[in-house]
Every structure is written in structure tokens, then in C-alpha cells.
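Please read the structure below before turning to the comments.
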Amino acid sequence: MTTAPTTSPASRVSGTTATPTPVQPLLNDAVIALRAPTQVWSDSTGDMGSAPVHGVYHGDVRHVRSLTASCDDSPVEWISTAPDGASRIVFGGLLRALDDATPDPKVRLLRDRRVSDGHLSETWTVRSRVDHPVVTTLHLALRPEFAQLHEVKSGHAHPRPADIELAGDRAIVDAGPQGLELIAPGARVASGAGELTARWDVEIPALGSVEVAWTLTLRDDTLVVGSAAAPARWNAAAVAQTTTDPRLGRWLHTALDDLDALRLVLPEHPDDEFFAAGAPWFFTLFGRDSIWAARLTLPLDRAIAESTLRVLARLQGADDDASTAQEPGKILHELRASALEMPGEGIVLPPKYYGSVDSTPLWICLLADTWRAGMPDAEVRELLPTLRAALGWIRDSGDSDGDGFLDYIDRLGTGLSNQGWKDSGDSIQWRDGRLAEGPIALCEVQAYAYEAALAGADLLDTLGSESDASEAAFWRGWAADLKARFAESYWVETPEGRYPAVALDRDKKPVDTLTSNIGHLLGTGILSPDDEAHVAGLLRGESMSSGYGVRTMSTAAAGYWPLSYHGGSVWVHDTAIAAHGMLRAGLHADARAVVGGLLDAAEGFAYRVPELHSGDPRTHSSVPTPYPAACRPQAWSAAAAVVCLTALTTSSGA
């Protein structure tokens, strides 16, 4: 998908006394409020600091490590957590030490949190039903940190030194390129031992209420992305009402709120939006993720597909540069403010990194889909130079070893060893569990390239110049040849049956594991209709379908493990892409069956579906088991809800 998680520590062996290796934070129990590029992670009380992921983040820096609310004269007994969209949460608690002697709780604290671009604000309201005034002190404590995001992800967070300046009811914290300002009207603001505090002396009237508020303003001078200023072009509540399935309606409402909050822009082109890949680690532009999220949501919002195409076109590779994995015509993998380091894994990605084998053909596919959905011809023509260059990359650079199939190999030595959507180091395995050696030619990448070649030919024929006619003819011939060679090279026979291999390895041997990658072949045209129906049946079979979605790897493979990142888990977007392909292939009954599993999963996750979950069969659990380090919200997981809407509204006779 995006950058893979850190590996498990070798030192965690029973009976050893070695210091445990830091590990990636778990996310499944944390609560998030967000408006990209700002996100706030806490526990269910609203407090931060008890879990490694907790904090206030802006861009790729965690500005605040811990933050707590308290009352000097009573413990706060938190009883409710009520999200209101992606960017607001109201936490409710009781102050029973301020109560009268009757059994009903009569003094409540409501903590209303709101997140916007570069801002976190809270309003605290104390409401009383006791018949006399109550005097107390409310207390805010927060600890600035300014640790890099990749440090937090790997469990190696290092606080950065900062200067603190106090001025009445505010405090300014300066850490060089980053900083923050706390404004707490009416409070006594102080600092000490690296912590900021704000204290409000309040009197709650008899049968009355009192309110205090504070705001954090966050600064990061290194940001390379910004929040979308315009409102979303869809109305989440209205879209949710277009389905008669109440579960899908709830999922759509949540998913579209999350997609709204995940919209970003590049500062130099503030009108061209794209979807950030997801929280917490991927609040930036990712070629593959942003393309797929835009493609899956195309039925609702053509404009963000158009702007995503333009954003990536401006960053298209122009040079052959091994230090960034850049090649002429190649579409970007990810954009960061600084290098992304993964301690213990030997991975260091440059701020502008092109290590993706599929972003380029997928860009062409999105361009064609968006044009067919009504993108004005004049706007498409402006992107024809990018199209020609992207096709040139497929022809000239996408095949590193000259066998006629698109492949990848890490030219940096410190980049991603796997450069398809399954980008973890152990994602491409033989059926017996051995790791495949590269260059790796993934099956789905050949399907993307086939579709891109034909789509590019159509675009050049229709909107290009007379000189493009020969290019269009070349690409149609190229696609026909690729389809024939794919049929000859990729199909395997194993005890699980006949199916396309996940990839060809460096020796051109088909890597024989049955995986979800074959779902991406559907609807691209690289398979015959009979083979598409056969593949759809395999994906719905017991070894591939968990009941909550399609597993990334068959249960019959030696490397299968339900909590493996890419070796047996279920990724919602991956399953949605298979359903999307089934619809395009005319396999509507199969698509609706797959969507039924996704709806069951969405219900189990209270309709904010994470990027992946366990591949355990539904017969083992009435709800899907979380993959505890899964990001959420995730743009393409949220976009899966739109695919489900399309599947359930497509007539069975279509």
C-alpha cells in the first residue's frame, strides 16, 4: 500500500533479558480527530500520553506528546466519547466529588474538541444540577515534543529542544522550524520541567454552567502540503440517503466525512486537491494511493480526480536519478518534507521518492476514466504531454531486464524492496514460503499496463495530433502482445487449482502463491471473460474469502498468517478493487457478494474501516479482528464505500 510497518523485534524471546527493540505503535484503541495535515490522537477520555501514538501532529512532526484535563477538587470519571464527523469529538465526564449526597450524578464536564488545519481547540463546559454554587479549578497540562513522525512510527521518538515564552494567558513555544502557541483566555498559564499548564478558577452557579476554552496554533515551516480550503463537493448525509441499506448509509456518511478531512493541496497550487493516503503515518501525497482513492470515488467527485492528475503531472519524473528512483515519465510514489528513515530496517527514502512500479500506468488509467466521466477535452489535452511521457516510461524504463513485462528492483539499496501496493519486504512469496527474488514483475502491474496502453491509444487517437496516430497504433499492438505473453507466462497449476501467479521472479519463473493480486486483473481486459469468471470464483472461495473481505494470501500458502501485513490479512481497498473489477467485467452477482462481506466488516468497525484487518474467518468471530497497527482513516479504505454503493445500485440485469 504505502510504506510497510516496522518489523517485530528479535529480542522479544521468552526468557531473554535483552532490552526490547522499540516497535511501531498500535492504533486500534486510539481515538482520532483530524483535518489534514493536522491530527490528534488520544484515548477515549480525550487525554493523551498513555499510548505511544498519542499526541498532536501537524505535518510530519508530533508537536505535543501528552495533554490532560483535570479538576483539582474531583477526579474526572469519563463516561462518553461522541464523534461528530472527522474533526470533532465531545468527551463527557462526571465530577462526583463536587456532587450532593443524592445518587444521581449532578455535575458534568463536557470536553468539546475541534481540529482544523494547524489548530486544536477545546471548550470545557461544567454543568451543575446541585442547588448551590460550586467553586473549583480546572487544569490543562501539555508537553511539547516536536518529534519526527518516522521516529514515532518506529518507536524511537526524540523530543526536540524548544524555547518557551509566557505572556499572560498565552504561551509561545519555538523549536526552530516548528512551534506552537497556546491561548487560554482567563487562565493562569505557566511552564516548568518542559510542561505547559493552564489553570482556570471557576464558580459554577447553582443549577447553572460555566465554560472555559483554549486553542493551540501549530506551526511547521517545512510543510510541503496544505489543507484544502474549499468545502467538499459532496454532501455526506445526502449521499448516505441514496441507499436503502442502512449499514451502507452509515458507512458512506463516515467515509465521506473522513475523505473530506483527508483532502490536501500543494501550496503553490491551492485549488488542486488530492487525498492524503491516511492517518497517522501518510498525511501526504502518495501516487498510487491518491490515484486509487480518486478512481474509486469518481462516481461522486470527478473534480478531485482531475486535480489529482494535475498534481502528479507537475511532479512527473524528468531525469534518470537512482538517488530518488526517478526516471523520465515516471509518476511519483510519495512526497515528504524531509527524508523518511526507518530505524532498524535500513530504509531511507528521499523527500521526493519515485519507487513505485504501478503509479505510472495507474495515472493513465485514471486519466482515461476521468475523461470518460466527462473531464473537458481541453483539460485532457493539457495533460497529453504527461500521458506521452508516461507511456514512454512504460516502453523505455518500466521493464528493467528486457523481458517485456513491467518490473521493479530497488536501485537505491535503501529504498523499498517491493514497489507494488504490497510493499512490505515479505509480501511476494512462493507457495512454500520462500521469498521471491527480483526484479519482480507483478501480475496486476501487467494488467494496469495493458489497460493503460489501450486507454492511452484511445486518448491519443481522439484528442492528439495527426502525428499521434502511429503512436496509438503502436500501443494497441503492444497491448495485444502483452496480453498474449501474459497468458503464456503467468498461469500456474497447483493443488489449489489454476490461476495467475502473483509475479514472475528474476528467473522469469511464475511465483505460484494464490493471492488477492489477481483481483486487480478483473475488468482490465487482460483476461478472457471465462478467465475473469474463474478468478472471481477463486476470490470468493474458502481459502481467499474470510467472510469480511478477500485475504491478501490464500490460507493454503505456507506463508499465510491472518495478522500478516500482506500475507493473509484483508485490505478493504484491495477487496473493493476486486469488486470494482467484477462490476466492469459484468460479474455483478460476484461483486454484490463481495460487497456483503465488506459491509459486515464495516459494521464491525463502527463504520470507520481501517486500512486492513485480520484474515481470520468469520466463523471464528462475530466481528472482524483488528490488525492493531492499521491506519485509520485511510483514503482508499474510505473510498471502498463508494464502490459498494455502485455495486448495490447496479441492476442485476446490467
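Every chain in the C-alpha cells takes a letter, A first, then B, and so on in the order presented; its residues are numbered from 1, and the ligands are numbered from 1 following the presented order.
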
If you count only C-alpha atoms, which residues fall within 12 Å of Asp321 of chain A, apart from same-chain ones fewer than 5 positions away, as a ChimeraX atom specification?
/A:326-328,330,350,352-355,411-412

Might you pull out every residue within 7 Å of Lys153 of chain A, with only C-alpha atoms counted and same-chain residues fewer than 3 positions away left off, and present them as a ChimeraX atom specification?
/A:24-25,149-150

For the selection just defined, write its residues with all heavy atoms to a file, as a JSON list (two decimals), in the first residue's frame.
```
[["chain", "number", "residue", "atom", "x", "y", "z"],
["A", 24, "GLN", "N", 6.52, -0.35, 16.44],
["A", 24, "GLN", "CA", 5.53, 0.57, 15.91],
["A", 24, "GLN", "C", 4.34, 0.66, 16.85],
["A", 24, "GLN", "O", 3.85, -0.34, 17.36],
["A", 24, "GLN", "CB", 5.08, 0.08, 14.53],
["A", 24, "GLN", "CG", 4.04, 0.96, 13.87],
["A", 24, "GLN", "CD", 3.76, 0.54, 12.44],
["A", 24, "GLN", "OE1", 4.67, 0.08, 11.76],
["A", 24, "GLN", "NE2", 2.54, 0.70, 12.00],
["A", 25, "PRO", "N", 3.80, 1.86, 17.09],
["A", 25, "PRO", "CA", 2.64, 1.99, 17.98],
["A", 25, "PRO", "C", 1.41, 1.26, 17.44],
["A", 25, "PRO", "O", 1.19, 1.20, 16.22],
["A", 25, "PRO", "CB", 2.39, 3.51, 18.00],
["A", 25, "PRO", "CG", 3.69, 4.13, 17.62],
["A", 25, "PRO", "CD", 4.32, 3.17, 16.65],
["A", 149, "LEU", "N", 7.78, 12.32, 12.66],
["A", 149, "LEU", "CA", 6.76, 11.28, 12.52],
["A", 149, "LEU", "C", 7.37, 9.90, 12.34],
["A", 149, "LEU", "O", 6.91, 8.91, 12.94],
["A", 149, "LEU", "CB", 5.85, 11.61, 11.32],
["A", 149, "LEU", "CG", 4.65, 10.69, 11.11],
["A", 149, "LEU", "CD1", 3.59, 10.96, 12.16],
["A", 149, "LEU", "CD2", 4.05, 10.91, 9.72],
["A", 150, "HIS", "N", 8.43, 9.79, 11.53],
["A", 150, "HIS", "CA", 9.02, 8.48, 11.31],
["A", 150, "HIS", "C", 9.66, 7.93, 12.58],
["A", 150, "HIS", "O", 9.75, 6.71, 12.76],
["A", 150, "HIS", "CB", 10.02, 8.51, 10.15],
["A", 150, "HIS", "CG", 11.22, 9.38, 10.37],
["A", 150, "HIS", "ND1", 12.33, 8.96, 11.07],
["A", 150, "HIS", "CD2", 11.49, 10.65, 9.96],
["A", 150, "HIS", "CE1", 13.23, 9.93, 11.10],
["A", 150, "HIS", "NE2", 12.76, 10.97, 10.44]]
```

Could you name the residues that touch Pro495 of chain A at 12 Å or less, counting only C-alpha atoms, but leaving out those on the same chain fewer than 4 positions away, as a VMD selection string?
chain A and resid 431 499 512 to 514 554 556 to 557

For Ser338 of chain A, list every protein, DNA or RNA residue within 12 Å, evaluated using only C-alpha atoms, and leave out those in the same chain fewer than 5 positions away; present the list as a VMD selection string.
chain A and resid 59 to 61 148 to 150 221 to 224 284 348 to 353

Wanna dump the segment 190-293 of chain A-segment 74-86 of chain A contacts at 9 Å for me, each residue with its shortest atom pair and the distance in Å to one decimal, counting only C-alpha atoms, ordered by chain and number, as JSON lines?
```
{"residue": "A:His253", "atom": "CA", "partner": "A:Gly85", "partner_atom": "CA", "distance": 8.6}
{"residue": "A:Thr254", "atom": "CA", "partner": "A:Gly85", "partner_atom": "CA", "distance": 6.9}
{"residue": "A:Asp257", "atom": "CA", "partner": "A:Ala86", "partner_atom": "CA", "distance": 5.7}
{"residue": "A:Asp258", "atom": "CA", "partner": "A:Ala86", "partner_atom": "CA", "distance": 5.4}
{"residue": "A:Leu259", "atom": "CA", "partner": "A:Ala86", "partner_atom": "CA", "distance": 8.8}
{"residue": "A:Asp260", "atom": "CA", "partner": "A:Ala86", "partner_atom": "CA", "distance": 8.3}
{"residue": "A:Ala261", "atom": "CA", "partner": "A:Ala86", "partner_atom": "CA", "distance": 6.4}
```

Give me, as a Markdown table, each residue of segment 466-577 of chain A that comes within 7 Å of segment 451-462 of chain A, together with its shortest interatomic pair and the distance in Å at one decimal, counting only C-alpha atoms, with rows ordered by chain and rising residue number.
```
| residue | atom | partner | partner_atom | distance |
| --- | --- | --- | --- | --- |
| A:Asp468 | CA | A:Leu460 | CA | 5.8 |
| A:Ala469 | CA | A:Asp461 | CA | 5.9 |
| A:Ala472 | CA | A:Ala457 | CA | 4.1 |
| A:Trp475 | CA | A:Ala453 | CA | 5.4 |
| A:Arg476 | CA | A:Leu454 | CA | 5.7 |
| A:Ala479 | CA | A:Ala453 | CA | 6.0 |
| A:Thr524 | CA | A:Glu451 | CA | 5.4 |
| A:Gly525 | CA | A:Glu451 | CA | 6.8 |
```

Let me make sure I understand: among A:Ala187, A:Leu166, A:Ile204, A:Leu216, which one has the smallest atom-to-atom distance to Glu122 of chain A if we use only C-alpha atoms?
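The closest residue to Glu122 of chain A is A:Leu216.
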
Pick out the closest residue to Gly93 of chain A from this set: A:His119, A:Arg314, A:Arg127, A:Arg114. Count only C-alpha atoms.
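Of all the options, A:Arg127 lies closest to Gly93 of chain A.
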
Skip Gly194 of chain A itself and residues of its chain fewer than 4 positions away, then list as a compact mmCIF listing (two decimals) with N, CA, C and O atoms, in the first residue's frame all residues within 10 Å of it, counting only C-alpha atoms.
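Generated file (out09.txt):
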```
# COMPACT_ATOMS: atom_id res chain seq x y z
N LEU A 142 0.10 20.18 29.21
CA LEU A 142 0.56 19.61 27.94
C LEU A 142 2.07 19.67 27.86
O LEU A 142 2.71 20.56 28.42
N ARG A 143 2.62 18.71 27.13
CA ARG A 143 4.07 18.60 27.00
C ARG A 143 4.45 18.68 25.52
O ARG A 143 4.17 17.77 24.75
N PRO A 144 5.10 19.77 25.10
CA PRO A 144 5.58 19.86 23.72
C PRO A 144 6.67 18.82 23.47
O PRO A 144 7.39 18.41 24.39
N GLU A 145 6.82 18.42 22.18
CA GLU A 145 7.82 17.40 21.88
C GLU A 145 8.58 17.69 20.58
O GLU A 145 9.79 17.66 20.55
N PRO A 161 14.62 20.25 21.47
CA PRO A 161 14.64 21.38 22.41
C PRO A 161 13.81 22.53 21.88
O PRO A 161 13.68 22.74 20.67
N ALA A 162 13.23 23.29 22.81
CA ALA A 162 12.37 24.41 22.43
C ALA A 162 12.46 25.50 23.48
O ALA A 162 12.72 25.24 24.66
N ASP A 163 12.25 26.73 23.05
CA ASP A 163 12.17 27.88 23.95
C ASP A 163 10.72 28.21 24.23
O ASP A 163 9.88 28.19 23.33
N ILE A 164 10.42 28.52 25.49
CA ILE A 164 9.06 28.85 25.89
C ILE A 164 9.00 30.29 26.37
O ILE A 164 9.81 30.70 27.22
```

Taking only C-alpha atoms into account, which of A:Leu252, A:Ala69, A:Val357, A:Ile577 comes nearest Trp214 of chain A?
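For Trp214 of chain A, the nearest of the given residues is A:Ala69.
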
Can you list, as an MDAnalysis selection string, every residue of segment 390-483 of chain A that DSSP puts in helix (DSSP H, G or I)?
chainID A and resid 390:396 443:463 468:483

Could you write out, as number ranges by chain, all the residues of segment 129-377 of chain A that DSSP marks as strand (DSSP E or B)?
A: 134-148, 163-167, 170-175, 178-183, 188-192, 195-204, 209-220, 226-227, 263-266, 269-275, 278, 282, 286, 321, 326, 334-335, 340-342, 347-349, 352-353

Restricting the calculation to only C-alpha atoms: of A:Pro343, A:Pro280, A:Gly415, A:Gly186, which residue gets closest to Arg35 of chain A?
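Selected residue with least distance to Arg35 of chain A: A:Pro280.
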
As an MDAnalysis selection string, please: the residues near Phe146 of chain A (cut-off 6 Å, only C-alpha atoms, same-chain neighbours under 3 positions excluded).
chainID A and resid 61:63 159:160

Taking into account only C-alpha atoms, which residue in the set A:Leu387, A:Val53, A:Ala190, A:Ala635 is nearest to Asp169 of chain A?
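For Asp169 of chain A, the nearest of the candidates is A:Ala190.
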
Neighbouring residues of Ala36 of chain A were defined as those with any atom within 7 Å, considering only C-alpha atoms; residues of the same chain fewer than 5 positions away were excluded. Please report them as a list in words.
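That gives Asp117, Ser227, Ala261, Leu262, Arg263, Leu264 and Phe283 of chain A.
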
Take the residues from that selection and write them out as an mmCIF file, in the first residue's frame, keeping N, CA and C atoms.
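Output contents, as saved in part.cif:
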```
data_model
loop_
_atom_site.group_PDB
_atom_site.id
_atom_site.type_symbol
_atom_site.label_atom_id
_atom_site.label_comp_id
_atom_site.auth_asym_id
_atom_site.auth_seq_id
_atom_site.Cartn_x
_atom_site.Cartn_y
_atom_site.Cartn_z
ATOM 1 N N ASP A 117 -7.010 22.889 10.215
ATOM 2 C CA ASP A 117 -5.649 22.974 9.687
ATOM 3 C C ASP A 117 -4.779 23.830 10.603
ATOM 4 N N SER A 227 -3.850 22.191 3.769
ATOM 5 C CA SER A 227 -5.236 21.741 3.804
ATOM 6 C C SER A 227 -6.032 22.355 2.660
ATOM 7 N N ALA A 261 -11.929 15.260 5.287
ATOM 8 C CA ALA A 261 -10.847 15.686 6.184
ATOM 9 C C ALA A 261 -9.472 15.281 5.671
ATOM 10 N N LEU A 262 -9.396 14.360 4.724
ATOM 11 C CA LEU A 262 -8.118 13.908 4.172
ATOM 12 C C LEU A 262 -7.698 14.692 2.930
ATOM 13 N N ARG A 263 -8.473 15.702 2.534
ATOM 14 C CA ARG A 263 -8.123 16.455 1.328
ATOM 15 C C ARG A 263 -6.941 17.393 1.601
ATOM 16 N N LEU A 264 -5.980 17.368 0.698
ATOM 17 C CA LEU A 264 -4.793 18.209 0.782
ATOM 18 C C LEU A 264 -4.562 18.929 -0.541
ATOM 19 N N PHE A 283 0.077 11.311 5.878
ATOM 20 C CA PHE A 283 -0.656 12.552 5.647
ATOM 21 C C PHE A 283 0.042 13.368 4.563
#
```

So, with only C-alpha atoms as the atoms that count, which of A:Ala602, A:Leu539, A:Pro510, A:Leu527 lies closest to Glu496 of chain A?
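Nearest to Glu496 of chain A: A:Leu539.
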